[in-house]
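Structure file protein_31.txt (compact mmCIF, C-alpha atoms) follows.
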# COMPACT_ATOMS: atom_id res chain seq x y z
CA MET A 984 -27.21 39.10 116.03
CA GLU A 985 -25.80 36.22 118.04
CA TYR A 986 -24.30 33.26 116.22
CA ALA A 987 -26.83 30.75 117.63
CA GLU A 988 -29.72 33.04 116.78
CA LEU A 989 -28.46 33.57 113.22
CA LEU A 990 -28.01 29.84 112.77
CA GLU A 991 -31.56 29.19 113.95
CA GLU A 992 -32.88 31.76 111.51
CA LEU A 993 -30.87 30.28 108.63
CA ARG A 994 -32.11 26.80 109.41
CA GLY A 995 -35.71 28.00 109.36
CA PHE A 996 -35.14 29.81 106.09
CA VAL A 997 -33.68 26.68 104.47
CA ARG A 998 -36.34 24.38 105.92
CA GLU A 999 -39.26 26.51 104.72
CA ARG A 1000 -37.90 26.39 101.17
CA GLU A 1001 -37.09 22.67 101.41
CA TRP A 1002 -33.52 23.41 100.40
CA GLU A 1003 -31.95 20.71 102.60
CA GLN A 1004 -32.00 18.44 99.54
CA PHE A 1005 -29.63 20.82 97.71
CA HIS A 1006 -27.46 21.67 100.69
CA ASP A 1007 -25.14 18.71 100.86
CA PRO A 1008 -21.54 19.66 101.73
CA LYS A 1009 -20.33 19.49 98.11
CA ASN A 1010 -22.93 21.98 96.92
CA LEU A 1011 -22.32 24.24 99.91
CA ALA A 1012 -18.57 24.26 99.19
CA MET A 1013 -19.53 25.40 95.67
CA LEU A 1014 -21.73 28.09 97.20
CA VAL A 1015 -18.84 29.34 99.36
CA ALA A 1016 -16.54 29.50 96.32
CA SER A 1017 -19.02 31.17 93.97
CA GLU A 1018 -19.87 33.79 96.60
CA ALA A 1019 -16.13 34.33 97.15
CA GLY A 1020 -15.89 34.92 93.39
CA GLU A 1021 -18.48 37.68 93.66
CA LEU A 1022 -16.58 39.29 96.52
CA LEU A 1023 -13.44 39.12 94.40
CA ALA A 1024 -15.22 40.88 91.54
CA GLU A 1025 -15.79 43.94 93.73
CA TYR A 1026 -12.03 44.53 93.92
CA ARG A 1027 -11.08 43.31 90.44
CA TRP A 1028 -10.30 46.69 88.93
CA ILE A 1029 -9.37 48.54 92.12
CA PRO A 1030 -5.59 49.00 92.47
CA ASN A 1031 -4.01 47.91 95.74
CA GLU A 1032 -3.12 51.45 96.64
CA ARG A 1033 -6.77 52.53 96.43
CA ALA A 1034 -8.32 49.46 98.07
CA ASP A 1035 -8.35 50.86 101.61
CA ALA A 1036 -9.90 54.18 100.56
CA PHE A 1037 -12.38 52.51 98.20
CA SER A 1038 -13.86 50.10 100.73
CA PRO A 1039 -15.70 52.66 102.92
CA GLU A 1040 -17.21 54.60 99.98
CA PRO A 1041 -20.97 54.27 100.64
CA GLU A 1042 -21.96 52.33 97.51
CA ALA A 1043 -18.87 50.13 97.56
CA ARG A 1044 -19.30 49.56 101.27
CA GLN A 1045 -22.82 48.29 100.88
CA ARG A 1046 -21.89 45.88 98.09
CA ILE A 1047 -18.76 44.64 99.87
CA ALA A 1048 -20.61 44.08 103.15
CA ALA A 1049 -23.32 42.16 101.26
CA GLU A 1050 -20.75 39.92 99.53
CA ILE A 1051 -18.88 39.32 102.79
CA GLY A 1052 -22.20 38.40 104.38
CA ASP A 1053 -22.99 35.95 101.57
CA VAL A 1054 -19.64 34.18 101.96
CA GLY A 1055 -20.13 34.08 105.73
CA ILE A 1056 -23.61 32.60 105.46
CA ALA A 1057 -22.45 29.96 102.99
CA LEU A 1058 -19.62 29.05 105.35
CA LEU A 1059 -22.04 28.81 108.30
CA LEU A 1060 -24.40 26.55 106.35
CA LEU A 1061 -21.47 24.29 105.49
CA CYS A 1062 -20.34 24.18 109.12
CA ASP A 1063 -23.85 23.34 110.24
CA ARG A 1064 -24.25 20.56 107.69
CA THR A 1065 -20.85 18.97 108.35
CA GLY A 1066 -20.85 19.52 112.10
CA VAL A 1067 -17.61 21.51 111.92
CA ASP A 1068 -17.40 24.04 114.74
CA LEU A 1069 -16.22 27.26 113.10
CA ALA A 1070 -14.72 28.59 116.32
CA ALA A 1071 -12.74 25.35 116.72
CA ALA A 1072 -11.73 25.31 113.04
CA TRP A 1073 -10.27 28.76 113.58
CA ALA A 1074 -8.28 27.78 116.62
CA MET B 109 -12.41 30.74 121.42
CA GLU B 110 -14.40 33.97 121.49
CA TYR B 111 -14.57 36.15 118.40
CA ALA B 112 -12.89 39.14 120.08
CA GLU B 113 -10.15 36.92 121.47
CA LEU B 114 -9.52 35.29 118.09
CA LEU B 115 -9.41 38.69 116.40
CA GLU B 116 -6.87 39.94 118.93
CA GLU B 117 -4.71 36.88 118.34
CA LEU B 118 -4.91 37.27 114.56
CA ARG B 119 -3.95 40.94 114.80
CA GLY B 120 -0.91 40.07 116.88
CA PHE B 121 0.10 37.35 114.44
CA VAL B 122 -0.14 39.74 111.48
CA ARG B 123 1.63 42.58 113.32
CA GLU B 124 4.58 40.45 114.39
CA ARG B 125 5.18 39.40 110.78
CA GLU B 126 4.65 42.97 109.49
CA TRP B 127 2.00 41.68 107.12
CA GLU B 128 -0.26 44.76 107.36
CA GLN B 129 1.47 46.04 104.21
CA PHE B 130 0.14 43.02 102.25
CA HIS B 131 -3.27 42.91 103.85
CA ASP B 132 -5.15 45.61 101.99
CA PRO B 133 -8.75 44.66 101.20
CA LYS B 134 -8.01 43.68 97.59
CA ASN B 135 -5.37 41.17 98.62
CA LEU B 136 -7.56 39.84 101.43
CA ALA B 137 -10.45 39.31 98.99
CA MET B 138 -7.98 37.26 96.91
CA LEU B 139 -7.05 35.32 100.03
CA VAL B 140 -10.71 34.52 100.73
CA ALA B 141 -11.21 33.31 97.15
CA SER B 142 -8.05 31.25 96.93
CA GLU B 143 -8.81 29.56 100.27
CA ALA B 144 -12.36 28.91 99.03
CA GLY B 145 -10.75 27.24 96.00
CA GLU B 146 -8.86 24.90 98.31
CA LEU B 147 -12.05 24.04 100.18
CA LEU B 148 -13.71 23.34 96.83
CA ALA B 149 -10.89 20.99 95.88
CA GLU B 150 -11.72 18.74 98.84
CA TYR B 151 -15.12 17.92 97.33
CA ARG B 152 -14.13 18.01 93.65
CA TRP B 153 -14.32 14.28 93.00
CA ILE B 154 -16.84 13.37 95.70
CA PRO B 155 -20.32 12.74 94.26
CA ASN B 156 -23.23 14.62 95.84
CA GLU B 157 -24.73 11.44 97.17
CA ARG B 158 -21.54 10.64 99.10
CA ALA B 159 -20.74 14.14 100.33
CA ASP B 160 -22.58 13.83 103.65
CA ALA B 161 -20.98 10.49 104.51
CA PHE B 162 -17.54 11.58 103.31
CA SER B 163 -17.31 14.74 105.41
CA PRO B 164 -16.97 13.08 108.86
CA GLU B 165 -14.37 10.49 107.76
CA PRO B 166 -11.41 11.31 110.04
CA GLU B 167 -8.85 12.34 107.42
CA ALA B 168 -11.40 14.19 105.29
CA ARG B 169 -12.82 15.85 108.38
CA GLN B 170 -9.47 17.23 109.42
CA ARG B 171 -8.74 18.65 105.97
CA ILE B 172 -12.22 20.10 105.54
CA ALA B 173 -12.20 21.71 108.99
CA ALA B 174 -8.77 23.20 108.21
CA GLU B 175 -9.95 24.65 104.88
CA ILE B 176 -13.14 26.01 106.46
CA GLY B 177 -10.97 27.61 109.14
CA ASP B 178 -8.71 29.20 106.50
CA VAL B 179 -11.67 30.73 104.66
CA GLY B 180 -13.10 31.96 107.97
CA ILE B 181 -9.84 33.56 109.04
CA ALA B 182 -9.41 35.27 105.67
CA LEU B 183 -12.97 36.61 105.96
CA LEU B 184 -12.30 37.87 109.49
CA LEU B 185 -9.12 39.64 108.40
CA LEU B 186 -11.05 41.33 105.59
CA CYS B 187 -13.81 42.40 108.00
CA ASP B 188 -11.24 43.80 110.39
CA ARG B 189 -9.43 45.75 107.68
CA THR B 190 -12.57 47.19 106.09
CA GLY B 191 -14.46 47.75 109.33
CA VAL B 192 -17.33 45.55 108.16
CA ASP B 193 -19.12 43.96 111.10
CA LEU B 194 -19.58 40.31 110.11
CA ALA B 195 -22.58 39.87 112.40
CA ALA B 196 -24.23 42.93 110.81
CA ALA B 197 -23.28 41.81 107.28
CA TRP B 198 -25.06 38.55 108.03
CA ALA B 199 -28.21 40.24 109.24
CA MET C 468 -12.62 31.99 64.73
CA GLU C 469 -8.89 31.43 64.67
CA TYR C 470 -6.87 32.02 67.83
CA ALA C 471 -4.73 34.78 66.27
CA GLU C 472 -7.82 36.49 64.88
CA LEU C 473 -9.62 36.35 68.22
CA LEU C 474 -6.57 37.72 70.00
CA GLU C 475 -6.35 40.62 67.54
CA GLU C 476 -10.02 41.39 68.10
CA LEU C 477 -9.62 41.26 71.90
CA ARG C 478 -6.64 43.57 71.77
CA GLY C 479 -8.59 46.10 69.71
CA PHE C 480 -11.52 45.90 72.12
CA VAL C 481 -9.27 46.53 75.12
CA ARG C 482 -7.32 49.32 73.40
CA GLU C 483 -10.41 51.25 72.32
CA ARG C 484 -11.66 51.28 75.91
CA GLU C 485 -8.20 52.14 77.30
CA TRP C 486 -8.39 49.11 79.59
CA GLU C 487 -4.69 48.24 79.38
CA GLN C 488 -4.25 50.26 82.59
CA PHE C 489 -6.52 47.80 84.46
CA HIS C 490 -5.28 44.65 82.77
CA ASP C 491 -2.11 43.92 84.68
CA PRO C 492 -1.58 40.19 85.38
CA LYS C 493 -2.83 40.40 88.97
CA ASN C 494 -6.16 41.90 87.92
CA LEU C 495 -6.49 39.45 85.04
CA ALA C 496 -5.91 36.51 87.40
CA MET C 497 -8.78 37.95 89.48
CA LEU C 498 -10.88 38.14 86.32
CA VAL C 499 -10.18 34.47 85.53
CA ALA C 500 -11.16 33.44 89.05
CA SER C 501 -14.30 35.55 89.28
CA GLU C 502 -15.49 34.29 85.88
CA ALA C 503 -14.73 30.72 87.03
CA GLY C 504 -16.94 31.48 90.05
CA GLU C 505 -19.81 32.38 87.72
CA LEU C 506 -19.32 29.16 85.75
CA LEU C 507 -19.39 27.27 89.05
CA ALA C 508 -22.67 28.93 89.98
CA GLU C 509 -24.37 27.37 86.94
CA TYR C 510 -23.81 23.89 88.39
CA ARG C 511 -24.19 24.73 92.07
CA TRP C 512 -27.55 23.10 92.62
CA ILE C 513 -27.38 20.48 89.84
CA PRO C 514 -26.62 17.00 91.21
CA ASN C 515 -23.76 15.09 89.62
CA GLU C 516 -26.09 12.52 88.17
CA ARG C 517 -28.04 15.20 86.28
CA ALA C 518 -25.06 17.32 85.18
CA ASP C 519 -24.58 15.60 81.81
CA ALA C 520 -28.28 15.80 80.87
CA PHE C 521 -28.62 19.37 82.17
CA SER C 522 -25.75 20.86 80.16
CA PRO C 523 -27.36 20.63 76.68
CA GLU C 524 -30.77 21.99 77.75
CA PRO C 525 -31.12 25.09 75.55
CA GLU C 526 -31.21 27.76 78.25
CA ALA C 527 -28.55 26.09 80.38
CA ARG C 528 -26.42 25.50 77.30
CA GLN C 529 -26.43 29.15 76.37
CA ARG C 530 -25.47 30.29 79.87
CA ILE C 531 -22.80 27.62 80.29
CA ALA C 532 -21.24 28.37 76.89
CA ALA C 533 -21.21 32.09 77.77
CA GLU C 534 -19.48 31.45 81.11
CA ILE C 535 -16.95 29.08 79.51
CA GLY C 536 -16.29 31.79 76.92
CA ASP C 537 -15.74 34.41 79.64
CA VAL C 538 -13.22 32.23 81.47
CA GLY C 539 -11.47 31.48 78.17
CA ILE C 540 -11.24 35.14 77.21
CA ALA C 541 -9.89 36.09 80.64
CA LEU C 542 -7.28 33.34 80.32
CA LEU C 543 -6.30 34.54 76.83
CA LEU C 544 -5.92 38.13 78.04
CA LEU C 545 -3.68 36.92 80.85
CA CYS C 546 -1.57 34.86 78.44
CA ASP C 547 -1.23 37.84 76.12
CA ARG C 548 -0.21 40.19 78.92
CA THR C 549 2.32 37.81 80.49
CA GLY C 550 3.62 36.38 77.23
CA VAL C 551 2.70 32.85 78.28
CA ASP C 552 1.97 30.68 75.25
CA LEU C 553 -1.24 28.80 76.15
CA ALA C 554 -0.45 25.93 73.78
CA ALA C 555 2.99 25.55 75.41
CA ALA C 556 1.53 25.89 78.92
CA TRP C 557 -0.76 23.00 78.06
CA ALA C 558 2.03 20.78 76.83
CA MET D 866 0.73 21.43 70.01
CA GLU D 867 -2.44 21.69 67.98
CA TYR D 868 -5.79 21.87 69.73
CA ALA D 869 -7.08 18.62 68.22
CA GLU D 870 -3.87 16.82 69.08
CA LEU D 871 -3.95 18.08 72.67
CA LEU D 872 -7.58 17.06 73.02
CA GLU D 873 -6.78 13.56 71.76
CA GLU D 874 -3.94 13.27 74.26
CA LEU D 875 -6.13 14.47 77.12
CA ARG D 876 -8.86 12.00 76.21
CA GLY D 877 -6.35 9.14 76.23
CA PHE D 878 -4.96 10.28 79.58
CA VAL D 879 -8.44 10.36 81.12
CA ARG D 880 -9.51 7.06 79.55
CA GLU D 881 -6.44 5.15 80.76
CA ARG D 882 -7.13 6.26 84.33
CA GLU D 883 -10.87 5.58 84.00
CA TRP D 884 -11.60 9.12 85.11
CA GLU D 885 -14.65 9.60 82.86
CA GLN D 886 -16.77 8.58 85.86
CA PHE D 887 -15.51 11.63 87.80
CA HIS D 888 -15.51 14.06 84.90
CA ASP D 889 -19.15 15.05 84.68
CA PRO D 890 -19.65 18.75 83.92
CA LYS D 891 -20.34 19.69 87.54
CA ASN D 892 -17.06 18.24 88.75
CA LEU D 893 -15.16 19.76 85.83
CA ALA D 894 -16.60 23.20 86.63
CA MET D 895 -15.24 22.66 90.16
CA LEU D 896 -11.88 21.72 88.66
CA VAL D 897 -11.81 24.94 86.60
CA ALA D 898 -12.61 27.02 89.69
CA SER D 899 -10.17 25.33 92.02
CA GLU D 900 -7.36 25.63 89.46
CA ALA D 901 -8.31 29.30 88.99
CA GLY D 902 -7.93 29.64 92.77
CA GLU D 903 -4.38 28.32 92.53
CA LEU D 904 -3.57 30.79 89.75
CA LEU D 905 -5.00 33.55 91.94
CA ALA D 906 -2.74 32.50 94.80
CA GLU D 907 0.34 33.23 92.69
CA TYR D 908 -0.56 36.93 92.58
CA ARG D 909 -2.11 37.23 96.04
CA TRP D 910 0.68 39.23 97.67
CA ILE D 911 2.09 40.89 94.54
CA PRO D 912 1.05 44.54 94.28
CA ASN D 913 -0.52 45.68 91.01
CA GLU D 914 2.42 47.92 90.24
CA ARG D 915 4.81 44.96 90.40
CA ALA D 916 2.62 42.37 88.66
CA ASP D 917 3.98 42.98 85.15
CA ALA D 918 7.63 42.82 86.26
CA PHE D 919 7.01 39.82 88.52
CA SER D 920 5.40 37.59 85.91
CA PRO D 921 8.51 36.93 83.76
CA GLU D 922 10.84 36.21 86.72
CA PRO D 923 11.99 32.63 85.98
CA GLU D 924 10.53 30.87 89.03
CA ALA D 925 7.31 32.89 88.98
CA ARG D 926 7.01 32.39 85.23
CA GLN D 927 7.19 28.64 85.53
CA ARG D 928 4.55 28.49 88.27
CA ILE D 929 2.24 30.94 86.52
CA ALA D 930 2.51 29.11 83.19
CA ALA D 931 1.75 25.82 84.97
CA GLU D 932 -1.34 27.26 86.68
CA ILE D 933 -2.56 28.85 83.45
CA GLY D 934 -2.08 25.48 81.76
CA ASP D 935 -4.09 23.73 84.49
CA VAL D 936 -7.01 26.13 84.12
CA GLY D 937 -6.84 25.76 80.34
CA ILE D 938 -6.86 21.96 80.49
CA ALA D 939 -9.79 21.95 82.92
CA LEU D 940 -11.69 24.26 80.58
CA LEU D 941 -10.91 22.03 77.59
CA LEU D 942 -12.12 18.93 79.42
CA LEU D 943 -15.35 20.72 80.28
CA CYS D 944 -15.82 21.83 76.66
CA ASP D 945 -15.21 18.29 75.46
CA ARG D 946 -17.66 16.79 77.94
CA THR D 947 -20.44 19.31 77.28
CA GLY D 948 -19.86 19.63 73.55
CA VAL D 949 -19.29 23.37 73.84
CA ASP D 950 -16.99 24.62 71.09
CA LEU D 951 -14.52 26.91 72.86
CA ALA D 952 -13.82 28.92 69.70
CA ALA D 953 -17.57 29.48 69.24
CA ALA D 954 -18.05 30.29 72.93
CA TRP D 955 -15.40 32.97 72.51
CA ALA D 956 -17.05 34.53 69.49
Output the file's structure in the form of structure tokens.
Amino acid sequence: MEYAELLEELRGFVREREWEQFHDPKNLAMLVASEAGELLAEYRWIPNERADAFSPEPEARQRIAAEIGDVGIALLLLCDRTGVDLAAAWA
Amino acid sequence: MEYAELLEELRGFVREREWEQFHDPKNLAMLVASEAGELLAEYRWIPNERADAFSPEPEARQRIAAEIGDVGIALLLLCDRTGVDLAAAWA
Amino acid sequence: MEYAELLEELRGFVREREWEQFHDPKNLAMLVASEAGELLAEYRWIPNERADAFSPEPEARQRIAAEIGDVGIALLLLCDRTGVDLAAAWA
Amino acid sequence: MEYAELLEELRGFVREREWEQFHDPKNLAMLVASEAGELLAEYRWIPNERADAFSPEPEARQRIAAEIGDVGIALLLLCDRTGVDLAAAWA
């Protein structure tokens, strides 16, 4: 999915649920951090030396991809609300 | 900057410094979460009702964009290492 | 419960499950941070102006106390493993 | 330092600076999580197998103890504001 298309879909999703009221930048920064905490939890008990082999195991893979996606979406929502251009922030 | 271009630049940056040894998925998940903690810190004492007006203030803006960029880069590095396609994870 | 008593109980709990192998300081720091992420999630959508009134609502109270307890236990385990005296660290 | 004594000192510190206005439970949960992110950063590039030997190295020790103390203080402030008894939350 293209970035612009994803963003449009996210905006519709938020608008339908009337979540704009909750999505000020402070709350979205909290969303980013709490989702990052869930991603962290996936690797909490995995030793460094097993982390590369663990990641593609089917069940782990699915959970990790989902948590990465959640952090990414939270970050996108924050960019959209604050007008920060993620591509420019990266540069 | 395009995604593929950014990724290529990041890979070169990491390779030159011989950081691949540190960048297993566990450590990169920790990087995502610690950068998310820094982003969080920017909004820690800002009340919800001021968060939208605060974000574009020039100094705040620069710091927030930098922290968003750091979280985004950490997430990209993790995607690259684990082979998770961020666009697909979002879908 | 007294601190020393709690610590003794925690140590027994960990020993019975043979979790010492997982509880090196790096993993325990990840535990602290992921539990802090869950605590954060409790307040994610609560506006600042409602946060004081929200906290003692029975259901919220129970969840918040549980998350605070989880962060506290993770911090205690880390102190015990690293030999950091929490009371001295506070001083 | 005793718990009650520490709490009294913290309250005085906060009162003198008129920080009660910033210390609602939502903001204090953010403080806990952002301090936990700083603790996490100390171990970010340390492999599991070196984490036990790394922690008591003098410079590391001092930083780790300081970060643990910061998380602990943030947690105490949150307990004090919400009326959660940390010892009971642990039980």
Can you work out which residues from chain D touch chain A at a cut-off of 9 Å (counting all atoms listed in the file) and hand them back as a PyMOL selection string? chain D and resi 895+898-899+912-914
Between atom CA of Ala182 of chain B and atom CA of Glu900 of chain D, distance in Å (one decimal):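 We find that atom CA of Ala182 of chain B and atom CA of Glu900 of chain D lie 19.0 Å from each other.
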Which distance in Å separates atom CA of Gly877 of chain D and atom CA of Ala503 of chain C, to one decimal? 25.5 Å
Selection: 12 Å around segment 485-487 of chain C, all atoms listed in the file, excl. self and same-chain fewer than 3 positions, as a list of chain:residue names: A:Trp1028, C:Leu477, C:Arg478, C:Gly479, C:Phe480, C:Val481, C:Arg482, C:His490, C:Asp491, C:Pro492, C:Asn494, C:Leu495, C:Leu544, C:Leu545, C:Asp547, C:Arg548, D:Asp917
Any idea what the distance is between atom CA of Glu1021 of chain A and atom CA of Glu1050 of chain A?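 Those two atoms sit 6.7 Å apart.
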